[in-house]
>>> print(open('structure33.txt').read())   # compact mmCIF, C-alpha atoms
# COMPACT_ATOMS: atom_id res chain seq x y z
CA MET A 1 83.44 146.32 69.07
CA ALA A 2 84.83 148.43 66.22
CA ASN A 3 87.42 151.03 67.02
CA GLU A 4 85.88 154.29 65.83
CA ASP A 5 88.97 156.27 66.81
CA LYS A 6 91.23 154.72 64.17
CA GLU A 7 94.25 156.83 63.38
CA ILE A 8 94.27 158.33 59.91
CA ILE A 9 97.77 157.72 58.62
CA SER A 10 99.75 160.38 56.85
CA PRO A 11 99.56 160.31 53.06
CA CYS A 12 103.28 161.17 52.90
CA VAL A 13 105.12 159.18 50.23
CA LYS A 14 108.57 160.49 51.25
CA ILE A 15 108.94 162.36 47.93
CA CYS A 16 108.72 166.06 48.73
CA LYS A 17 108.61 167.99 45.50
CA TYR A 18 107.03 171.29 44.55
CA ASP A 19 106.23 172.88 41.19
CA SER A 20 106.04 176.66 41.40
CA LYS A 21 103.57 176.72 38.50
CA PHE A 22 101.14 174.27 40.16
CA MET A 23 98.92 175.85 42.80
CA GLY A 24 101.49 178.56 43.47
CA GLY A 25 104.10 176.06 44.63
CA MET A 26 102.17 175.55 47.87
CA VAL A 27 101.28 171.88 47.27
CA CYS A 28 103.65 168.93 47.45
CA ILE A 29 103.29 166.93 44.24
CA GLY A 30 104.36 163.77 46.08
CA CYS A 31 101.48 163.64 48.56
CA PHE A 32 99.39 166.59 47.28
CA ARG A 33 99.10 168.21 50.68
CA GLU A 34 99.39 171.93 51.26
CA GLN A 35 102.33 173.02 53.38
CA HIS A 36 100.15 173.76 56.42
CA GLU A 37 98.66 170.24 56.21
CA ILE A 38 102.14 168.72 56.15
CA THR A 39 103.50 170.71 59.07
CA ASN A 40 100.37 170.33 61.20
CA TRP A 41 99.33 166.76 60.31
CA LEU A 42 99.94 165.35 63.78
CA ARG A 43 97.85 168.14 65.34
CA LEU A 44 94.90 167.91 62.95
CA SER A 45 91.68 166.39 64.24
CA PRO A 46 90.35 163.23 62.57
CA ASP A 47 87.72 165.37 60.80
CA GLU A 48 90.39 167.76 59.52
CA LYS A 49 92.50 164.84 58.29
CA SER A 50 89.48 163.34 56.53
CA GLN A 51 88.81 166.67 54.82
CA ALA A 52 92.48 166.93 53.85
CA LEU A 53 92.27 163.49 52.21
CA ILE A 54 89.27 164.65 50.18
CA ASP A 55 91.16 167.80 49.18
CA ILE A 56 94.19 165.70 48.23
CA GLU A 57 92.13 163.68 45.76
CA GLU A 58 90.88 166.91 44.16
CA ARG A 59 94.44 168.24 43.88
CA LYS A 60 95.63 164.99 42.30
CA THR A 61 92.94 165.35 39.65
CA LYS A 62 93.94 168.96 39.00
CA PHE A 63 97.60 167.94 38.74
CA GLU A 64 96.83 165.18 36.24
CA ILE A 65 95.14 167.78 34.04
CA TYR A 66 97.98 170.29 34.60
CA ASP A 67 100.75 167.77 33.93
CA LYS A 68 99.48 166.74 30.46
>>> encode(input="structure33.txt", output="structure tokens")
Amino acid sequence: MANEDKEIISPCVKICKYDSKFMGGMVCIGCFREQHEITNWLRLSPDEKSQALIDIEERKTKFEIYDK
């Protein structure tokens, strides 16, 4: 029987860095999470974590464009 309650691990890469010109300095450019996602990660529901992971991918794309 598959475990449907699998824990979604943190996308933290242990490189906390912010760029004040990228998304108002509110997004870590190591893991691309917003500050509230970082501080509340352990309290987020699985659905909220899944949505955060989707948002992270969008932010990575925006950063790749910004960083050129």
>>> closest_residue(input="structure33.txt", among="A:Lys6, A:Gln51, A:Leu42, A:Ile29", to="Glu64 (chain A)", atoms="all atoms listed in the file")
A:Ile29
>>> residues_around(input="structure33.txt", residues="region 9-13 of chain A", least_positions_apart="2", cutoff="10 Å", atoms="only C-alpha atoms", output="PyMOL selection string")
chain A and resi 6-7+15-16+28-33+37-38+41-42+49+52-53+56
>>> atom_distance(input="structure33.txt", atom1="CA of Gln35 (chain A)", atom2="CA of Lys60 (chain A)")
15.2 Å
>>> atom_distance(input="structure33.txt", atom1="CA of Glu58 (chain A)", atom2="CA of Leu44 (chain A)")
19.2 Å
>>> atom_distance(input="structure33.txt", atom1="CA of Arg59 (chain A)", atom2="CA of Ser45 (chain A)")
20.6 Å
>>> residues_around(input="structure33.txt", residues="Lys21 (chain A)", least_positions_apart="4", cutoff="10 Å", atoms="only C-alpha atoms", output="ChimeraX atom specification")
/A:25-26,66
>>> closest_residue(input="structure33.txt", among="A:Pro46, A:Lys62, A:Ile54, A:Asn40", to="Met23 (chain A)", atoms="only C-alpha atoms")
A:Lys62
